[in-house]
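Chemist: Here you go, start-v6.pdb (PDB, C-alpha atoms):
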```pdb
ATOM      1  CA  MET A   9     -32.489   5.110  -0.147
ATOM      2  CA  ASN A  10     -33.133   1.578  -1.367
ATOM      3  CA  ILE A  11     -31.190  -1.358   0.078
ATOM      4  CA  VAL A  12     -30.680  -4.081  -2.518
ATOM      5  CA  LYS A  13     -29.198  -7.479  -1.705
ATOM      6  CA  THR A  14     -29.463  -9.368  -4.993
ATOM      7  CA  ILE A  15     -27.824  -8.855  -8.358
ATOM      8  CA  ASN A  16     -31.094  -9.288 -10.250
ATOM      9  CA  GLU A  17     -32.894  -6.609  -8.245
ATOM     10  CA  LEU A  18     -30.002  -4.182  -8.677
ATOM     11  CA  ARG A  19     -29.918  -4.793 -12.416
ATOM     12  CA  GLU A  20     -33.645  -4.081 -12.641
ATOM     13  CA  ARG A  21     -33.145  -0.748 -10.894
ATOM     14  CA  ILE A  22     -30.159   0.162 -13.076
ATOM     15  CA  ASP A  23     -32.062  -0.792 -16.250
ATOM     16  CA  ASP A  24     -34.894   1.509 -15.187
ATOM     17  CA  CYS A  25     -32.416   4.366 -14.658
ATOM     18  CA  LYS A  26     -30.798   3.794 -18.038
ATOM     19  CA  LYS A  27     -34.177   3.808 -19.784
ATOM     20  CA  LYS A  28     -34.769   7.245 -18.273
ATOM     21  CA  ASN A  29     -31.321   8.421 -19.454
ATOM     22  CA  LYS A  30     -30.167   8.922 -15.871
ATOM     23  CA  SER A  31     -26.425   8.853 -15.224
ATOM     24  CA  VAL A  32     -25.110   6.434 -12.602
ATOM     25  CA  GLY A  33     -22.211   7.127 -10.253
ATOM     26  CA  PHE A  34     -20.769   4.166  -8.365
ATOM     27  CA  VAL A  35     -18.758   4.030  -5.139
ATOM     28  CA  PRO A  36     -17.511   0.490  -4.364
ATOM     29  CA  THR A  37     -16.485  -0.104  -0.724
ATOM     30  CA  MET A  38     -15.947  -2.848   1.827
ATOM     31  CA  GLY A  39     -17.993  -0.893   4.346
ATOM     32  CA  PHE A  40     -17.055   0.531   7.737
ATOM     33  CA  LEU A  41     -17.477   3.907   6.064
ATOM     34  CA  HIS A  42     -15.319   6.882   6.996
ATOM     35  CA  GLU A  43     -14.899  10.474   5.838
ATOM     36  CA  GLY A  44     -12.935   9.422   2.765
ATOM     37  CA  HIS A  45     -15.861   7.312   1.552
ATOM     38  CA  LEU A  46     -18.282  10.145   2.262
ATOM     39  CA  ARG A  47     -16.173  12.482   0.124
ATOM     40  CA  LEU A  48     -16.414   9.986  -2.755
ATOM     41  CA  ILE A  49     -20.184   9.832  -2.339
ATOM     42  CA  LYS A  50     -20.345  13.634  -2.332
ATOM     43  CA  GLN A  51     -18.436  13.868  -5.610
ATOM     44  CA  ALA A  52     -20.590  11.160  -7.156
ATOM     45  CA  ARG A  53     -23.714  12.967  -5.938
ATOM     46  CA  GLU A  54     -22.620  16.219  -7.594
ATOM     47  CA  ALA A  55     -21.970  14.659 -11.013
ATOM     48  CA  ASN A  56     -24.637  11.970 -11.428
ATOM     49  CA  ASP A  57     -28.401  11.512 -11.298
ATOM     50  CA  ILE A  58     -28.187   8.256  -9.327
ATOM     51  CA  VAL A  59     -25.543   7.177  -6.789
ATOM     52  CA  VAL A  60     -24.987   3.488  -6.093
ATOM     53  CA  LEU A  61     -22.850   2.461  -3.115
ATOM     54  CA  SER A  62     -21.757  -1.140  -2.669
ATOM     55  CA  ILE A  63     -20.681  -2.711   0.614
ATOM     56  CA  PHE A  64     -19.019  -6.066   0.105
ATOM     57  CA  VAL A  65     -16.099  -7.544   2.015
ATOM     58  CA  ASN A  66     -14.408  -9.427  -0.794
ATOM     59  CA  PRO A  67     -12.805 -12.713   0.284
ATOM     60  CA  LEU A  68     -10.723 -12.973  -2.905
ATOM     61  CA  GLN A  69      -8.422 -10.122  -1.869
ATOM     62  CA  PHE A  70      -7.499 -11.484   1.549
ATOM     63  CA  GLY A  71      -4.201 -13.356   1.788
ATOM     64  CA  PRO A  72      -3.517 -16.419   3.936
ATOM     65  CA  ASN A  73      -2.281 -14.276   6.830
ATOM     66  CA  GLU A  74      -5.102 -11.725   6.564
ATOM     67  CA  ASP A  75      -8.232 -12.488   8.560
ATOM     68  CA  PHE A  76     -11.341 -12.047   6.428
ATOM     69  CA  GLU A  77     -13.590 -12.763   9.400
ATOM     70  CA  ARG A  78     -12.034 -10.027  11.545
ATOM     71  CA  TYR A  79     -12.490  -7.249   8.983
ATOM     72  CA  PRO A  80     -14.595  -4.560  10.760
ATOM     73  CA  ARG A  81     -18.279  -4.523   9.874
ATOM     74  CA  ASP A  82     -21.081  -2.272  11.093
ATOM     75  CA  PHE A  83     -23.919  -2.274   8.580
ATOM     76  CA  LYS A  84     -26.395  -0.228  10.640
ATOM     77  CA  ARG A  85     -23.871   2.572  11.017
ATOM     78  CA  ASP A  86     -22.947   2.343   7.308
ATOM     79  CA  GLU A  87     -26.620   2.422   6.328
ATOM     80  CA  ARG A  88     -27.170   5.606   8.339
ATOM     81  CA  LEU A  89     -24.090   7.335   6.896
ATOM     82  CA  ALA A  90     -24.992   6.337   3.344
ATOM     83  CA  ARG A  91     -28.534   7.613   3.746
ATOM     84  CA  GLU A  92     -27.328  10.934   5.182
ATOM     85  CA  ALA A  93     -24.789  11.294   2.349
ATOM     86  CA  GLY A  94     -27.474  10.995  -0.312
ATOM     87  CA  VAL A  95     -26.930   7.479  -1.657
ATOM     88  CA  ASP A  96     -29.851   6.313  -3.803
ATOM     89  CA  VAL A  97     -29.127   2.580  -3.888
ATOM     90  CA  LEU A  98     -27.100   0.630  -1.342
ATOM     91  CA  PHE A  99     -25.995  -2.730  -2.765
ATOM     92  CA  TYR A 100     -25.293  -5.127   0.088
ATOM     93  CA  PRO A 101     -24.792  -8.653  -1.290
ATOM     94  CA  THR A 102     -23.663 -11.741   0.582
ATOM     95  CA  VAL A 103     -20.589 -13.713  -0.425
ATOM     96  CA  THR A 104     -22.912 -16.422  -1.751
ATOM     97  CA  GLU A 105     -24.741 -13.876  -3.900
ATOM     98  CA  MET A 106     -21.486 -12.625  -5.434
ATOM     99  CA  TYR A 107     -19.822 -16.039  -5.672
ATOM    100  CA  PRO A 108     -22.559 -18.705  -5.792
ATOM    101  CA  LYS A 109     -19.899 -21.231  -6.737
ATOM    102  CA  GLU A 110     -16.119 -21.343  -6.902
ATOM    103  CA  PRO A 111     -15.009 -18.800  -9.538
ATOM    104  CA  MET A 112     -13.763 -20.534 -12.669
ATOM    105  CA  MET A 113     -11.468 -17.636 -13.474
ATOM    106  CA  THR A 114     -10.059 -14.431 -12.026
ATOM    107  CA  ILE A 115      -8.171 -11.459 -13.392
ATOM    108  CA  HIS A 116      -4.418 -11.772 -13.026
ATOM    109  CA  VAL A 117      -2.622  -8.424 -12.810
ATOM    110  CA  THR A 118       0.834  -8.612 -14.383
ATOM    111  CA  GLN A 119       2.115  -5.066 -13.926
ATOM    112  CA  GLY A 120       2.219  -2.641 -11.016
ATOM    113  CA  VAL A 121       1.689  -5.239  -8.282
ATOM    114  CA  ASP A 122       5.292  -5.911  -7.252
ATOM    115  CA  VAL A 123       5.796  -2.365  -5.931
ATOM    116  CA  LEU A 124       4.473  -0.286  -3.022
ATOM    117  CA  CYS A 125       1.980  -2.175  -0.824
ATOM    118  CA  GLY A 126       1.469  -4.855  -3.461
ATOM    119  CA  ALA A 127       5.019  -6.146  -2.976
ATOM    120  CA  SER A 128       4.066  -7.661   0.389
ATOM    121  CA  ARG A 129       0.570  -8.816  -0.661
ATOM    122  CA  PRO A 130       0.904 -11.271  -3.568
ATOM    123  CA  GLY A 131      -2.413 -11.969  -5.261
ATOM    124  CA  HIS A 132      -4.191  -9.135  -3.483
ATOM    125  CA  PHE A 133      -4.815  -7.063  -6.592
ATOM    126  CA  ASP A 134      -5.985 -10.105  -8.544
ATOM    127  CA  GLY A 135      -8.817 -10.288  -6.006
ATOM    128  CA  VAL A 136      -9.434  -6.535  -6.126
ATOM    129  CA  THR A 137      -9.647  -6.313  -9.914
ATOM    130  CA  THR A 138     -11.791  -9.439 -10.164
ATOM    131  CA  VAL A 139     -14.437  -8.119  -7.782
ATOM    132  CA  VAL A 140     -14.327  -4.580  -9.217
ATOM    133  CA  MET A 141     -14.791  -5.928 -12.743
ATOM    134  CA  LYS A 142     -17.685  -8.054 -11.490
ATOM    135  CA  LEU A 143     -19.263  -5.029  -9.789
ATOM    136  CA  PHE A 144     -18.754  -2.910 -12.911
ATOM    137  CA  GLN A 145     -20.636  -5.519 -14.964
ATOM    138  CA  ILE A 146     -23.462  -5.581 -12.417
ATOM    139  CA  VAL A 147     -23.849  -1.836 -11.844
ATOM    140  CA  LEU A 148     -22.864  -0.611 -15.332
ATOM    141  CA  PRO A 149     -22.066   2.889 -14.015
ATOM    142  CA  ASP A 150     -21.103   5.891 -16.069
ATOM    143  CA  ARG A 151     -18.486   6.853 -13.472
ATOM    144  CA  ALA A 152     -16.790   5.026 -10.611
ATOM    145  CA  TYR A 153     -15.131   6.830  -7.711
ATOM    146  CA  PHE A 154     -11.958   5.805  -5.879
ATOM    147  CA  GLY A 155      -9.761   7.599  -3.357
ATOM    148  CA  LEU A 156      -6.133   8.414  -4.107
ATOM    149  CA  LYS A 157      -5.184   7.494  -0.545
ATOM    150  CA  ASP A 158      -4.687   4.051  -2.112
ATOM    151  CA  ALA A 159      -3.186   5.340  -5.340
ATOM    152  CA  GLN A 160      -1.829   1.919  -6.317
ATOM    153  CA  GLN A 161      -5.337   0.470  -6.320
ATOM    154  CA  VAL A 162      -6.623   3.400  -8.366
ATOM    155  CA  ALA A 163      -3.813   2.965 -10.906
ATOM    156  CA  ILE A 164      -4.427  -0.751 -11.291
ATOM    157  CA  ILE A 165      -8.166  -0.233 -11.786
ATOM    158  CA  MET A 166      -7.482   2.516 -14.343
ATOM    159  CA  ASN A 167      -5.135   0.144 -16.173
ATOM    160  CA  MET A 168      -7.749  -2.632 -16.046
ATOM    161  CA  VAL A 169     -10.392  -0.340 -17.548
ATOM    162  CA  GLU A 170      -7.980   0.654 -20.322
ATOM    163  CA  THR A 171      -6.836  -2.911 -21.009
ATOM    164  CA  PHE A 172     -10.347  -4.340 -21.316
ATOM    165  CA  ASN A 173     -11.950  -1.257 -22.921
ATOM    166  CA  VAL A 174     -14.473  -0.941 -20.096
ATOM    167  CA  PRO A 175     -16.741   2.048 -20.915
ATOM    168  CA  ILE A 176     -16.536   3.586 -17.434
ATOM    169  CA  ASP A 177     -14.876   6.805 -16.334
ATOM    170  CA  VAL A 178     -12.679   6.117 -13.292
ATOM    171  CA  VAL A 179     -12.671   9.254 -11.131
ATOM    172  CA  ALA A 180      -9.668   9.524  -8.805
ATOM    173  CA  CYS A 181     -10.508  11.673  -5.774
ATOM    174  CA  GLU A 182      -7.999  13.554  -3.655
ATOM    175  CA  THR A 183      -6.921  12.184  -0.286
ATOM    176  CA  VAL A 184      -8.885  13.582   2.659
ATOM    177  CA  ARG A 185      -6.537  15.116   5.235
ATOM    178  CA  GLU A 186      -6.553  16.461   8.759
ATOM    179  CA  ASP A 187      -5.893  20.179   9.238
ATOM    180  CA  ASP A 188      -2.183  19.440   9.784
ATOM    181  CA  GLY A 189      -1.916  17.435   6.555
ATOM    182  CA  LEU A 190      -1.995  13.909   7.948
ATOM    183  CA  ALA A 191      -3.963  11.629   5.632
ATOM    184  CA  LYS A 192      -7.151  10.536   7.347
ATOM    185  CA  SER A 193      -7.137   6.844   8.196
ATOM    186  CA  SER A 194      -8.846   4.521  10.634
ATOM    187  CA  ARG A 195      -5.333   3.514  11.689
ATOM    188  CA  ASN A 196      -4.592   6.982  13.079
ATOM    189  CA  VAL A 197      -6.379   6.091  16.323
ATOM    190  CA  TYR A 198      -3.571   3.617  17.072
ATOM    191  CA  LEU A 199      -0.944   6.378  17.184
ATOM    192  CA  SER A 200       0.438   7.408  20.542
ATOM    193  CA  VAL A 201       0.413  11.089  21.492
ATOM    194  CA  ASP A 202       4.049  11.492  20.409
ATOM    195  CA  GLU A 203       3.472   9.561  17.173
ATOM    196  CA  ARG A 204       0.402  11.637  16.305
ATOM    197  CA  GLN A 205       2.431  14.797  16.834
ATOM    198  CA  ALA A 206       5.184  13.530  14.512
ATOM    199  CA  ALA A 207       2.992  11.911  11.835
ATOM    200  CA  PRO A 208       2.228  15.123   9.844
ATOM    201  CA  LEU A 209       5.932  15.197   8.967
ATOM    202  CA  LEU A 210       5.215  12.362   6.508
ATOM    203  CA  TYR A 211       3.114  14.619   4.310
ATOM    204  CA  GLN A 212       5.621  17.433   4.751
ATOM    205  CA  ALA A 213       8.379  15.112   3.502
ATOM    206  CA  LEU A 214       6.294  14.318   0.413
ATOM    207  CA  GLN A 215       5.649  18.007  -0.222
ATOM    208  CA  LYS A 216       9.335  18.879   0.099
ATOM    209  CA  THR A 217      10.270  16.066  -2.276
ATOM    210  CA  LYS A 218       7.635  17.238  -4.756
ATOM    211  CA  ALA A 219       9.097  20.762  -4.667
ATOM    212  CA  TYR A 220      12.633  19.391  -5.010
ATOM    213  CA  ILE A 221      11.718  17.369  -8.118
ATOM    214  CA  GLU A 222       9.847  20.308  -9.650
ATOM    215  CA  ASN A 223      12.740  22.710  -9.056
ATOM    216  CA  HIS A 224      15.594  20.349  -9.926
ATOM    217  CA  PHE A 225      15.044  18.179 -12.963
ATOM    218  CA  CYS A 226      16.438  15.054 -11.337
ATOM    219  CA  THR A 227      16.588  11.293 -11.623
ATOM    220  CA  ARG A 228      14.495   8.822  -9.670
ATOM    221  CA  THR A 229      17.535   7.949  -7.545
ATOM    222  CA  GLU A 230      18.112  11.589  -6.651
ATOM    223  CA  GLY A 231      14.464  12.068  -5.751
ATOM    224  CA  MET A 232      14.474   8.898  -3.649
ATOM    225  CA  THR A 233      17.611  10.020  -1.828
ATOM    226  CA  PHE A 234      16.032  13.382  -1.036
ATOM    227  CA  LEU A 235      12.851  11.748   0.295
ATOM    228  CA  TYR A 236      14.884   9.315   2.398
ATOM    229  CA  GLU A 237      16.817  12.197   3.927
ATOM    230  CA  GLN A 238      13.583  13.990   4.829
ATOM    231  CA  LEU A 239      12.144  10.913   6.513
ATOM    232  CA  SER A 240      15.397  10.198   8.326
ATOM    233  CA  GLU A 241      14.750  13.361  10.323
ATOM    234  CA  GLN A 242      11.594  11.803  11.790
ATOM    235  CA  PRO A 243      11.964  11.612  15.589
ATOM    236  CA  ILE A 244      10.031   8.355  15.924
ATOM    237  CA  GLY A 245       9.021   5.317  13.839
ATOM    238  CA  ALA A 246      10.710   3.696  10.833
ATOM    239  CA  ILE A 247      10.433   3.670   7.037
ATOM    240  CA  ASP A 248       8.621   0.670   5.589
ATOM    241  CA  TYR A 249       9.135   1.697   1.963
ATOM    242  CA  ILE A 250       9.594   4.732  -0.237
ATOM    243  CA  ASP A 251       9.318   4.840  -4.006
ATOM    244  CA  ILE A 252       8.927   7.129  -6.998
ATOM    245  CA  LEU A 253       7.180   5.616 -10.020
ATOM    246  CA  SER A 254       5.484   6.548 -13.264
ATOM    247  CA  TYR A 255       1.718   6.845 -12.900
ATOM    248  CA  PRO A 256      -0.539   5.022 -13.539
ATOM    249  CA  ARG A 257       1.772   2.397 -15.054
ATOM    250  CA  LEU A 258       3.736   2.174 -11.766
ATOM    251  CA  GLU A 259       7.084   1.622 -13.456
ATOM    252  CA  ARG A 260      10.510   2.455 -12.062
ATOM    253  CA  VAL A 261      11.892   4.905 -14.602
ATOM    254  CA  ASN A 262      15.163   6.715 -14.072
ATOM    255  CA  GLU A 263      14.140   9.896 -15.906
ATOM    256  CA  LEU A 264      11.233  11.570 -14.092
ATOM    257  CA  THR A 265       8.886  13.019 -16.705
ATOM    258  CA  GLY A 266       5.139  13.087 -17.101
ATOM    259  CA  THR A 267       2.885  12.041 -14.231
ATOM    260  CA  ILE A 268       4.690  10.362 -11.347
ATOM    261  CA  ILE A 269       3.815   9.237  -7.834
ATOM    262  CA  ILE A 270       5.916   9.822  -4.736
ATOM    263  CA  ALA A 271       4.827   7.220  -2.192
ATOM    264  CA  LEU A 272       5.734   6.014   1.256
ATOM    265  CA  ALA A 273       4.721   3.654   4.012
ATOM    266  CA  TYR A 274       5.852   4.335   7.563
ATOM    267  CA  ARG A 275       5.656   2.145  10.642
ATOM    268  CA  TYR A 276       4.878   3.292  14.140
ATOM    269  CA  GLU A 277       4.523   0.935  17.088
ATOM    270  CA  HIS A 278       0.906  -0.035  16.436
ATOM    271  CA  ALA A 279       0.127   1.559  13.069
ATOM    272  CA  ARG A 280       1.447   1.472   9.531
ATOM    273  CA  LEU A 281       0.571   4.638   7.588
ATOM    274  CA  ILE A 282       0.694   5.153   3.827
ATOM    275  CA  ASP A 283       0.645   8.402   1.881
ATOM    276  CA  ASN A 284       1.498   9.711  -1.566
ATOM    277  CA  LEU A 285       1.522  12.689  -3.892
ATOM    278  CA  LEU A 286       1.039  12.831  -7.655
ATOM    279  CA  LEU A 287       2.761  15.429  -9.781
ATOM    280  CA  ASN A 288       3.355  16.172 -13.426
ATOM    281  CA  VAL A 289       6.998  16.735 -14.263
ATOM    282  CA  GLN A 290       7.813  18.804 -17.305
ATOM    283  CA  LYS A 291      11.306  19.114 -18.713
ATOM    284  CA  LYS A 292      12.691  22.616 -18.523
ATOM    285  CA  GLY A 293      12.128  24.484 -21.724
ATOM    286  CA  VAL A 294       9.252  22.215 -22.787
TER
END
```
Go through the file and emit its structure as structure tokens.

Modeler:
Amino acid sequence: MNIVKTINELRERIDDCKKKNKSVGFVPTMGFLHEGHLRLIKQAREANDIVVLSIFVNPLQFGPNEDFERYPRDFKRDERLAREAGVDVLFYPTVTEMYPKEPMMTIHVTQGVDVLCGASRPGHFDGVTTVVMKLFQIVLPDRAYFGLKDAQQVAIIMNMVETFNVPIDVVACETVREDDGLAKSSRNVYLSVDERQAAPLLYQALQKTKAYIENHFCTRTEGMTFLYEQLSEQPIGAIDYIDILSYPRLERVNELTGTIIIALAYRYEHARLIDNLLLNVQKKGV
């Protein structure tokens, strides 16, 4: 595995791969790798000749109340995990390398940011899309891999690629789960014993709502009501938000047809968990 810290060196390596007609899979991360990242690397490894992993904590996506300096970092551990997972090139730039001067422009996302987690993080996805577009232009991958745990981010990146005709295949990878269905997250360690026992009910509520929508052609309001009732049976914690939207446009549509997302965020005492399910709704008789 090669560790590359400059854009010019990475471009030289990518150019060499392209000249040899080698396909490039790209996994962009902010580091502190976990099993979800490793699953993305595995899928990239299976489908591409070369796998590039980036580790860059992007200051543009941190809001005024979000501490960029406190974001967890452990490069030595990440380097070991990346090497073991089969990464070919690890791109590890500094902030100065990525932003040698104040950016003169950024991408401004106008749709899909006022819902789900984006509703409480104004400007966050402007920072995400700006750095992802910059990384896409540097790496020039054939495919880029993102986890559906953060389905809103995946949708917005898919929409960005479509809007700007970026010739990259965005591969959305399924959420990695514990044996009991709980979505794997670094935040799970903050759950108490009772909270950890109850937390799998979140995924069960999503599954029941998915089955309800599939078996009863219903409106968004009816689906939302059903999901709310399922979560109201939780013995501990509180709902942060629930929503059902079209996907990937992330629009609130009353008639549920085509691909939709059922999403939730749930607060426990020291952890806020998110989860979602995608499904394709077909009208009866179609």

Chemist: Residue by residue, what does the PyMOL selection byres ((chain A and resi 244) around 8) grab here? Present the result as a ChimeraX atom specification.

Modeler: /A:203,206,242-243,245-246,276

Chemist: Residue by residue, what does the PyMOL selection byres ((chain A and resi 46) around 12) grab here? Present the result as a PyMOL selection string.

Modeler: chain A and resi 35-37+39-45+47-53+59+61+86+88-95+153-155+181+183-184

Chemist: How would the residues just picked look written out with C-alpha atoms as a PDB file, keeping the file's coordinate frame?

Modeler:
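Saved the output as again_9.pdb:
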```pdb
ATOM      1  CA  VAL A  35     -18.758   4.030  -5.139  1.00  0.00           C
ATOM      2  CA  PRO A  36     -17.511   0.490  -4.364  1.00  0.00           C
ATOM      3  CA  THR A  37     -16.485  -0.104  -0.724  1.00  0.00           C
ATOM      4  CA  GLY A  39     -17.993  -0.893   4.346  1.00  0.00           C
ATOM      5  CA  PHE A  40     -17.055   0.531   7.737  1.00  0.00           C
ATOM      6  CA  LEU A  41     -17.477   3.907   6.064  1.00  0.00           C
ATOM      7  CA  HIS A  42     -15.319   6.882   6.996  1.00  0.00           C
ATOM      8  CA  GLU A  43     -14.899  10.474   5.838  1.00  0.00           C
ATOM      9  CA  GLY A  44     -12.935   9.422   2.765  1.00  0.00           C
ATOM     10  CA  HIS A  45     -15.861   7.312   1.552  1.00  0.00           C
ATOM     11  CA  ARG A  47     -16.173  12.482   0.124  1.00  0.00           C
ATOM     12  CA  LEU A  48     -16.414   9.986  -2.755  1.00  0.00           C
ATOM     13  CA  ILE A  49     -20.184   9.832  -2.339  1.00  0.00           C
ATOM     14  CA  LYS A  50     -20.345  13.634  -2.332  1.00  0.00           C
ATOM     15  CA  GLN A  51     -18.436  13.868  -5.610  1.00  0.00           C
ATOM     16  CA  ALA A  52     -20.590  11.160  -7.156  1.00  0.00           C
ATOM     17  CA  ARG A  53     -23.714  12.967  -5.938  1.00  0.00           C
ATOM     18  CA  VAL A  59     -25.543   7.177  -6.789  1.00  0.00           C
ATOM     19  CA  LEU A  61     -22.850   2.461  -3.115  1.00  0.00           C
ATOM     20  CA  ASP A  86     -22.947   2.343   7.308  1.00  0.00           C
ATOM     21  CA  ARG A  88     -27.170   5.606   8.339  1.00  0.00           C
ATOM     22  CA  LEU A  89     -24.090   7.335   6.896  1.00  0.00           C
ATOM     23  CA  ALA A  90     -24.992   6.337   3.344  1.00  0.00           C
ATOM     24  CA  ARG A  91     -28.534   7.613   3.746  1.00  0.00           C
ATOM     25  CA  GLU A  92     -27.328  10.934   5.182  1.00  0.00           C
ATOM     26  CA  ALA A  93     -24.789  11.294   2.349  1.00  0.00           C
ATOM     27  CA  GLY A  94     -27.474  10.995  -0.312  1.00  0.00           C
ATOM     28  CA  VAL A  95     -26.930   7.479  -1.657  1.00  0.00           C
ATOM     29  CA  TYR A 153     -15.131   6.830  -7.711  1.00  0.00           C
ATOM     30  CA  PHE A 154     -11.958   5.805  -5.879  1.00  0.00           C
ATOM     31  CA  GLY A 155      -9.761   7.599  -3.357  1.00  0.00           C
ATOM     32  CA  CYS A 181     -10.508  11.673  -5.774  1.00  0.00           C
ATOM     33  CA  THR A 183      -6.921  12.184  -0.286  1.00  0.00           C
ATOM     34  CA  VAL A 184      -8.885  13.582   2.659  1.00  0.00           C
TER      35      VAL A 184
END
```

Chemist: For Pro111 in chain A, which residue out of A:Lys142, A:Arg151, A:Lys30, A:Arg275 is the nearest one, using only C-alpha atoms?

Modeler: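 Ranked by minimum distance to Pro111 in chain A, first place goes to A:Lys142.
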
Chemist: For Tyr249 in chain A, which residue out of A:Ser200, A:Thr171, A:Gln212, A:Ser128 is the nearest one, using all atoms listed in the file?

Modeler: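 Nearest to Tyr249 in chain A: A:Ser128.
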
Chemist: Given the file above and the PyMOL selection byres ((chain A and resi 263) around 7), which residues are selected, and can you give them as a PDB file with C-alpha atoms, keeping the file's coordinate frame?

Modeler:
```pdb
ATOM      1  CA  THR A 227      16.588  11.293 -11.623  1.00  0.00           C
ATOM      2  CA  ARG A 228      14.495   8.822  -9.670  1.00  0.00           C
ATOM      3  CA  VAL A 261      11.892   4.905 -14.602  1.00  0.00           C
ATOM      4  CA  ASN A 262      15.163   6.715 -14.072  1.00  0.00           C
ATOM      5  CA  LEU A 264      11.233  11.570 -14.092  1.00  0.00           C
ATOM      6  CA  THR A 265       8.886  13.019 -16.705  1.00  0.00           C
TER       7      THR A 265
END
```

Chemist: CA of Phe225 in chain A and CA of Ile270 in chain A are how many Å apart?

Modeler: 14.9 Å

Chemist: Contacts of range 185-196 of chain A at 7 Å or less, counting all atoms listed in the file, minus same-chain residues fewer than 4 places along, as an NGL selection string?

Modeler: :A and (207-208 or 211 or 279 or 283)

Chemist: Report as a PDB file with C-alpha atoms, keeping the file's coordinate frame all protein, DNA and RNA residues lying within 8 Å of Phe99 in chain A, evaluated on all atoms listed in the file, omitting residues in the same chain fewer than 2 positions from it.

Modeler:
```pdb
ATOM      1  CA  ILE A  11     -31.190  -1.358   0.078  1.00  0.00           C
ATOM      2  CA  VAL A  12     -30.680  -4.081  -2.518  1.00  0.00           C
ATOM      3  CA  LYS A  13     -29.198  -7.479  -1.705  1.00  0.00           C
ATOM      4  CA  THR A  14     -29.463  -9.368  -4.993  1.00  0.00           C
ATOM      5  CA  LEU A  18     -30.002  -4.182  -8.677  1.00  0.00           C
ATOM      6  CA  VAL A  60     -24.987   3.488  -6.093  1.00  0.00           C
ATOM      7  CA  LEU A  61     -22.850   2.461  -3.115  1.00  0.00           C
ATOM      8  CA  SER A  62     -21.757  -1.140  -2.669  1.00  0.00           C
ATOM      9  CA  ILE A  63     -20.681  -2.711   0.614  1.00  0.00           C
ATOM     10  CA  VAL A  97     -29.127   2.580  -3.888  1.00  0.00           C
ATOM     11  CA  PRO A 101     -24.792  -8.653  -1.290  1.00  0.00           C
TER      12      PRO A 101
END
```

Chemist: Hey, can you check how far CA of Lys27 in chain A sits from CA of Pro149 in chain A?

Modeler: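 Atom-to-atom, CA of Lys27 in chain A to CA of Pro149 in chain A, that is 13.4 Å.
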
Chemist: Given only C-alpha atoms, how would the per-residue table for range 74-176 of chain A near range 64-68 of chain A read, listing every residue at most 8 Å away with its closest atom pair and distance in Å to one decimal, sorted by chain and number, as a Markdown table?

Modeler:
```
| residue | atom | partner | partner_atom | distance |
| --- | --- | --- | --- | --- |
| A:Phe76 | CA | A:Pro67 | CA | 6.4 |
| A:Tyr79 | CA | A:Val65 | CA | 7.9 |
| A:Tyr100 | CA | A:Phe64 | CA | 6.3 |
| A:Pro101 | CA | A:Phe64 | CA | 6.5 |
| A:Thr102 | CA | A:Phe64 | CA | 7.3 |
| A:Val103 | CA | A:Asn66 | CA | 7.5 |
| A:His132 | CA | A:Leu68 | CA | 7.6 |
| A:Asp134 | CA | A:Leu68 | CA | 7.9 |
| A:Gly135 | CA | A:Leu68 | CA | 4.5 |
| A:Val136 | CA | A:Leu68 | CA | 7.3 |
| A:Val139 | CA | A:Asn66 | CA | 7.1 |
```
